[in-house]
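Asks: First the structure, then my questions, so here it is.
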Amino acid sequence: MNALEIKGLTKAYRDFRLDSLDLVLPSGCIMGLIGENGAGKSTTIKLILNTIRRDAGTITIMGKDNRKNVQLMKEDVGIVLDDVGFPECLTGKQVGKIMRNTYRNWDNKAYEDYLRKFSVPMDKEFKDFSRGMKMKLGIAVAMSHDPKLLILDEATSGLDPVVRDEVVEMLNEFTRDEGHSILISSHIVSDLEKLCDYIAFLHKGKLLLCEEKDALLEEFGIIHCAPETLRELDASAVKGKKETAYGAEAIVKRNAVPVGMDVSPIGIEELFVFMVKEGK
Amino acid sequence: MKGLLLKESYMINKYCRMYLVLVCIFGAVFVISGNEFMMFYPVVLTGIIPMSLISYDERSKWYVYAEAFPYSRKQIVSAKYLITLFYLLAAVVILAAAGVIKSVLFPGGGMSIKEYLFVVSTVPLAGLFIPSIMLPPVFKMGAEKGRIVYYVEIFAIALIFGIFSEFQAELARWLAYFGSLIVPIAIAGMLLLFGISWMLSVKFYERREL
């Protein structure tokens with residue numbers, strides 16, 4: 001069963017349109033949703049959570065329509081939004097008590113362990129937390145009720161590199177259980193590159209691609225050559241290019257360029273930037 | 001729902017303690033002065049509590065974050081209405097206690113038991129009126145825009161009262177016609193208004209995009 005399936009999801013605003021988005025996140029996998037600010041990542045997550053109305057499309061979470069039995073569905077989903085919005089007067093301890101009376105599967109010991117691990121104080125008020133601490137509290141809450149699916153919207157932004165690494169490690173640990181899956185959106189591509197099995201590129205409301213990360217890295221490469229050499233290549237082989245006075249750089253499909261051409265490995269971030277610029 | 005009520009109670013304890021202190025102060029002034037206005041004013045004030053809580057929720061973006069948890073929109077709205085009732089009940093209990101203290105300290109002075117019961121039973125009506133007309137627009141449009149609609153509502157009500165004041169004599173005749181039934185009718189009417197307000201708030205909030 002897929003953890004998340006999105007088909008033909010459309011939402012139009014006056015100045016932005018999320019256009020017929022299709023995504024499939026298989027159970028036990030981590031999918032990274034990459035896009036520039038305003039690409040439609042948060043809109044997608046809001047539609048998954050049903051906080052805004054869609055114009056078209058379907059969303060199923062663990063095989064169930066996300067508009068039916070919403071409360072039951074949220075028992076199995078842990079969510080961290082880019083703004084962790086607990087009331088400012090609450091302490092970590094009070095948040096724990098509220099959540100104990102909110103989730104059926106709330107594990108207070110696990111919650112307190114996460115807070116200790118993240119060095120989040122129990123008795124300090126939320127308003128006195130740094131952005132990183134707020135995010136860590138949000139992550140601790142999202143993971144302490146035995147969720148099957150984690151949805152994280154820009155959850156690693158605002159965290160220092162050491163904590164980001166801890167979070168990435170913890171999320172990796174979470175998906176060791178085959179029934180656990182993660183959808184994580186970010187514009188910090190390096191985190192997603194470390195973490196994800198699947199990568200989806202979103203640009204101006206459109207899905208540029210959605211593939212297995214390893215397949216993507218195998219499929220594409222980068223070449224550095226003279227502009228004339230680049231122009232001789234089959235246009236369908238080139239996914240993005242950059243020409244300067246000193247030469248040309250291009251993202252190419254490895255199997256569509258002449259044998260013997262020197263193709264270097266490419267990172268996800270480079271691939272995304274080239275594809276977005278090509279799309280402009 | 002229990003989680004939501006607990007969250008509201010933590011917020012009230014932090015931000016709205018002063019309201020209960022005010023109820024106690026006004027209760028004490030009532031004991032000394034015997035002025036019934038001292039019983040109505042703090043209760044009207046406590047009716048503003050749910051709006052304060054919603055403003056704090058909006059400031060911290062809780063109203064969006066709450067969507068991450070297994071709460072329905074109906075529960076989120078209901079928690080605000082229930083907390084209003086709990087708080088009003090607490091205020092009325094304090095004021096009723098003030099009345100008992102007054103009758104012990106100053107026996108035979110001021111109001112009769114019947115008049116006193118009339119005041120205690122009508123005091124909560126004053127507290128229910130403001131949240132009843134203010135909460136639906138706030139749930140529909142948020143605290144800031146909703147407050148503007150509330151001022152428009154208050155203006156409209158004042159206008160209606162102004163028009164009715166032209167017919168004071170007829171109004172007095174109507175009230176006399178209902179006689180002792182006027183208090184139960186007023187209570188029932190206010191509870192009906194509170195119920196309609198709750199239903200509208202649920203409907204508006206369920207449709208709102210956050």
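Naming scheme: A, B, ... for chains in displayed order of the structure tokens; residues 1 onward per chain; ligands 1 onward as shown.
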Within 12 Å of region 171-181 of chain A, counting only C-alpha atoms, which residues show up once you throw out same-chain ones fewer than 3 positions away? Write them as an mmCIF file with N, CA and C atoms, in the first residue's frame, please.
Replies:
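Listing of around00.cif after writing:
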data_model
loop_
_atom_site.group_PDB
_atom_site.id
_atom_site.type_symbol
_atom_site.label_atom_id
_atom_site.label_comp_id
_atom_site.auth_asym_id
_atom_site.auth_seq_id
_atom_site.Cartn_x
_atom_site.Cartn_y
_atom_site.Cartn_z
ATOM 1 N N MET A 1 0.838 -1.200 0.000
ATOM 2 C CA MET A 1 0.000 0.000 0.000
ATOM 3 C C MET A 1 0.882 1.263 0.000
ATOM 4 N N ASN A 2 0.429 2.264 -0.739
ATOM 5 C CA ASN A 2 1.178 3.519 -0.740
ATOM 6 C C ASN A 2 0.803 4.363 0.477
ATOM 7 N N ALA A 3 1.801 5.033 1.035
ATOM 8 C CA ALA A 3 1.525 5.896 2.192
ATOM 9 C C ALA A 3 0.725 7.120 1.757
ATOM 10 N N LEU A 4 1.050 7.614 0.571
ATOM 11 C CA LEU A 4 0.394 8.830 0.081
ATOM 12 C C LEU A 4 0.256 8.765 -1.438
ATOM 13 N N VAL A 24 3.302 9.837 -5.839
ATOM 14 C CA VAL A 24 3.046 8.592 -5.118
ATOM 15 C C VAL A 24 4.217 8.335 -4.179
ATOM 16 N N LEU A 25 3.904 8.213 -2.879
ATOM 17 C CA LEU A 25 4.936 7.892 -1.895
ATOM 18 C C LEU A 25 4.686 6.475 -1.378
ATOM 19 N N PRO A 26 5.524 5.511 -1.796
ATOM 20 C CA PRO A 26 5.313 4.141 -1.313
ATOM 21 C C PRO A 26 5.619 4.023 0.188
ATOM 22 N N SER A 27 4.974 3.092 0.853
ATOM 23 C CA SER A 27 5.212 2.874 2.292
ATOM 24 C C SER A 27 6.680 2.537 2.531
ATOM 25 N N GLY A 28 7.216 3.032 3.626
ATOM 26 C CA GLY A 28 8.594 2.724 3.997
ATOM 27 C C GLY A 28 9.617 3.614 3.313
ATOM 28 N N CYS A 29 9.140 4.616 2.574
ATOM 29 C CA CYS A 29 10.078 5.470 1.828
ATOM 30 C C CYS A 29 10.023 6.921 2.299
ATOM 31 N N ILE A 30 11.055 7.660 1.909
ATOM 32 C CA ILE A 30 11.112 9.094 2.219
ATOM 33 C C ILE A 30 11.108 9.855 0.897
ATOM 34 N N MET A 31 10.178 10.781 0.777
ATOM 35 C CA MET A 31 10.133 11.595 -0.437
ATOM 36 C C MET A 31 10.441 13.050 -0.098
ATOM 37 N N GLY A 32 11.346 13.616 -0.862
ATOM 38 C CA GLY A 32 11.680 15.027 -0.674
ATOM 39 C C GLY A 32 10.974 15.872 -1.710
ATOM 40 N N ILE A 61 -4.430 8.888 1.886
ATOM 41 C CA ILE A 61 -3.368 8.653 2.867
ATOM 42 C C ILE A 61 -3.581 7.245 3.420
ATOM 43 N N MET A 62 -2.572 6.407 3.220
ATOM 44 C CA MET A 62 -2.655 4.983 3.601
ATOM 45 C C MET A 62 -3.956 4.362 3.061
ATOM 46 N N ASP A 76 -2.641 8.817 12.783
ATOM 47 C CA ASP A 76 -1.534 8.061 12.184
ATOM 48 C C ASP A 76 -0.532 8.939 11.449
ATOM 49 N N VAL A 77 -0.748 10.241 11.504
ATOM 50 C CA VAL A 77 0.136 11.146 10.764
ATOM 51 C C VAL A 77 0.761 12.152 11.736
ATOM 52 N N GLY A 78 2.074 12.292 11.639
ATOM 53 C CA GLY A 78 2.762 13.311 12.441
ATOM 54 C C GLY A 78 3.101 14.474 11.525
ATOM 55 N N ILE A 139 8.902 18.602 16.220
ATOM 56 C CA ILE A 139 9.313 17.273 15.743
ATOM 57 C C ILE A 139 9.058 16.229 16.844
ATOM 58 N N ALA A 140 9.388 16.584 18.099
ATOM 59 C CA ALA A 140 9.170 15.654 19.220
ATOM 60 C C ALA A 140 7.684 15.291 19.330
ATOM 61 N N ALA A 142 5.427 15.473 16.919
ATOM 62 C CA ALA A 142 5.001 14.707 15.727
ATOM 63 C C ALA A 142 5.414 13.244 15.799
ATOM 64 N N MET A 143 6.503 12.964 16.535
ATOM 65 C CA MET A 143 7.016 11.588 16.544
ATOM 66 C C MET A 143 6.609 10.775 17.758
ATOM 67 N N SER A 144 5.881 11.390 18.693
ATOM 68 C CA SER A 144 5.611 10.697 19.962
ATOM 69 C C SER A 144 4.234 10.034 20.051
ATOM 70 N N ASP A 146 3.359 7.460 17.731
ATOM 71 C CA ASP A 146 3.471 6.301 16.853
ATOM 72 C C ASP A 146 2.843 6.556 15.477
ATOM 73 N N PRO A 147 3.288 7.620 14.780
ATOM 74 C CA PRO A 147 2.698 7.885 13.453
ATOM 75 C C PRO A 147 3.237 6.908 12.411
ATOM 76 N N LYS A 148 2.444 6.706 11.370
ATOM 77 C CA LYS A 148 2.903 5.844 10.262
ATOM 78 C C LYS A 148 3.491 6.716 9.148
ATOM 79 N N LEU A 149 3.013 7.959 9.102
ATOM 80 C CA LEU A 149 3.486 8.885 8.067
ATOM 81 C C LEU A 149 3.861 10.208 8.730
ATOM 82 N N LEU A 150 5.036 10.691 8.382
ATOM 83 C CA LEU A 150 5.449 12.015 8.871
ATOM 84 C C LEU A 150 5.412 12.997 7.703
ATOM 85 N N ILE A 151 4.817 14.150 7.937
ATOM 86 C CA ILE A 151 4.809 15.192 6.908
ATOM 87 C C ILE A 151 5.512 16.409 7.503
ATOM 88 N N LEU A 152 6.600 16.790 6.884
ATOM 89 C CA LEU A 152 7.392 17.894 7.436
ATOM 90 C C LEU A 152 7.546 19.000 6.400
ATOM 91 N N ALA A 155 11.026 21.608 7.802
ATOM 92 C CA ALA A 155 11.289 21.331 9.218
ATOM 93 C C ALA A 155 12.747 21.504 9.605
ATOM 94 N N THR A 156 13.657 21.463 8.635
ATOM 95 C CA THR A 156 15.073 21.572 9.012
ATOM 96 C C THR A 156 15.596 23.002 8.878
ATOM 97 N N ARG A 164 20.485 19.683 12.693
ATOM 98 C CA ARG A 164 19.925 19.190 11.426
ATOM 99 C C ARG A 164 20.387 17.768 11.159
ATOM 100 N N ASP A 165 21.654 17.534 11.445
ATOM 101 C CA ASP A 165 22.193 16.192 11.249
ATOM 102 C C ASP A 165 21.504 15.192 12.177
ATOM 103 N N GLU A 166 21.271 15.609 13.436
ATOM 104 C CA GLU A 166 20.569 14.735 14.409
ATOM 105 C C GLU A 166 19.163 14.414 13.915
ATOM 106 N N VAL A 167 18.501 15.467 13.393
ATOM 107 C CA VAL A 167 17.120 15.279 12.914
ATOM 108 C C VAL A 167 17.113 14.316 11.732
ATOM 109 N N VAL A 168 18.048 14.530 10.809
ATOM 110 C CA VAL A 168 18.132 13.657 9.625
ATOM 111 C C VAL A 168 18.347 12.208 10.069
ATOM 112 N N ILE A 184 8.816 15.115 3.049
ATOM 113 C CA ILE A 184 9.487 16.281 3.632
ATOM 114 C C ILE A 184 9.736 17.321 2.545
ATOM 115 N N ASP A 191 20.044 18.444 2.741
ATOM 116 C CA ASP A 191 19.409 17.561 3.740
ATOM 117 C C ASP A 191 18.610 16.470 3.048
ATOM 118 N N LEU A 192 17.877 16.873 2.024
ATOM 119 C CA LEU A 192 17.014 15.908 1.332
ATOM 120 C C LEU A 192 17.852 14.893 0.569
ATOM 121 N N LYS A 194 20.647 13.688 1.478
ATOM 122 C CA LYS A 194 21.136 12.679 2.432
ATOM 123 C C LYS A 194 20.039 11.686 2.782
ATOM 124 N N LEU A 195 18.808 12.190 2.813
ATOM 125 C CA LEU A 195 17.718 11.481 3.474
ATOM 126 C C LEU A 195 16.804 10.677 2.544
ATOM 127 N N CYS A 196 16.565 11.218 1.349
ATOM 128 C CA CYS A 196 15.378 10.744 0.592
ATOM 129 C C CYS A 196 15.633 9.570 -0.337
ATOM 130 N N ASP A 197 14.574 8.776 -0.522
ATOM 131 C CA ASP A 197 14.583 7.712 -1.536
ATOM 132 C C ASP A 197 14.022 8.257 -2.840
ATOM 133 N N TYR A 198 13.035 9.145 -2.709
ATOM 134 C CA TYR A 198 12.390 9.729 -3.891
ATOM 135 C C TYR A 198 12.531 11.242 -3.839
#
Asks: Given a cut-off of 9 Å, which residues of chain A touch chain B, counting only C-alpha atoms, written out as a VMD selection string?
Replies: chain A and resid 46 49 to 53 70 to 75 77 to 81 83 to 90 94 to 95 97 to 103 127 142
Asks: Go ahead and save the residues from that selection, with C-alpha atoms, as a compact mmCIF listing (two decimals), in the first residue's frame.
Replies:
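again08.txt, written as the output of this step:
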# COMPACT_ATOMS: atom_id res chain seq x y z
CA LYS A 46 -2.10 22.37 3.21
CA LEU A 49 -4.08 18.46 5.64
CA ASN A 50 -7.34 19.79 4.22
CA THR A 51 -6.84 23.29 5.58
CA ILE A 52 -7.64 24.69 2.13
CA ARG A 53 -10.11 23.48 -0.49
CA VAL A 70 -9.95 13.17 9.11
CA GLN A 71 -9.45 12.80 12.87
CA LEU A 72 -8.76 9.08 12.62
CA MET A 73 -6.33 9.70 9.78
CA LYS A 74 -4.45 12.34 11.79
CA GLU A 75 -3.89 9.83 14.62
CA VAL A 77 0.14 11.15 10.76
CA GLY A 78 2.76 13.31 12.44
CA ILE A 79 2.94 16.83 11.06
CA VAL A 80 5.52 19.56 11.46
CA LEU A 81 4.71 22.85 9.76
CA ASP A 83 5.65 27.63 11.80
CA VAL A 84 5.32 25.50 14.93
CA GLY A 85 2.43 27.42 16.41
CA PHE A 86 1.93 26.40 20.01
CA PRO A 87 0.44 29.17 22.16
CA GLU A 88 3.26 31.29 23.50
CA CYS A 89 2.46 30.74 27.17
CA LEU A 90 2.74 26.94 27.05
CA GLN A 94 2.08 21.48 29.36
CA VAL A 95 2.30 20.61 25.65
CA LYS A 97 -0.16 17.00 28.94
CA ILE A 98 -2.31 18.48 26.16
CA MET A 99 -1.06 15.88 23.67
CA ARG A 100 -1.68 13.05 26.17
CA ASN A 101 -5.32 14.14 26.06
CA THR A 102 -5.26 14.53 22.27
CA TYR A 103 -3.69 11.39 20.78
CA LYS A 127 7.63 32.37 23.54
CA ALA A 142 5.00 14.71 15.73
Asks: So that I can check the surroundings of Ser78 (chain B), please list as a VMD selection string every protein, DNA and RNA residue that reaches within 8 Å of it, counting only C-alpha atoms and ignoring chain neighbours fewer than 4 positions away.
Replies: chain B and resid 74 82 198 202
Asks: Put those residues in a file: N, CA and C atoms, as a short mmCIF file (atom, residue, chain, number, x, y, z; two decimals), in the first residue's frame.
Replies:
data_model
loop_
_atom_site.label_atom_id
_atom_site.label_comp_id
_atom_site.auth_asym_id
_atom_site.auth_seq_id
_atom_site.Cartn_x
_atom_site.Cartn_y
_atom_site.Cartn_z
N LYS B 74 -15.18 21.53 14.33
CA LYS B 74 -16.32 21.66 15.25
C LYS B 74 -15.83 21.64 16.71
N LEU B 82 -17.52 26.30 25.12
CA LEU B 82 -17.60 25.64 26.43
C LEU B 82 -16.82 26.41 27.48
N TRP B 198 -23.33 29.28 18.07
CA TRP B 198 -22.40 28.13 18.01
C TRP B 198 -22.53 27.42 16.65
N VAL B 202 -19.55 27.13 13.84
CA VAL B 202 -19.07 25.84 13.33
C VAL B 202 -19.13 25.85 11.80
#
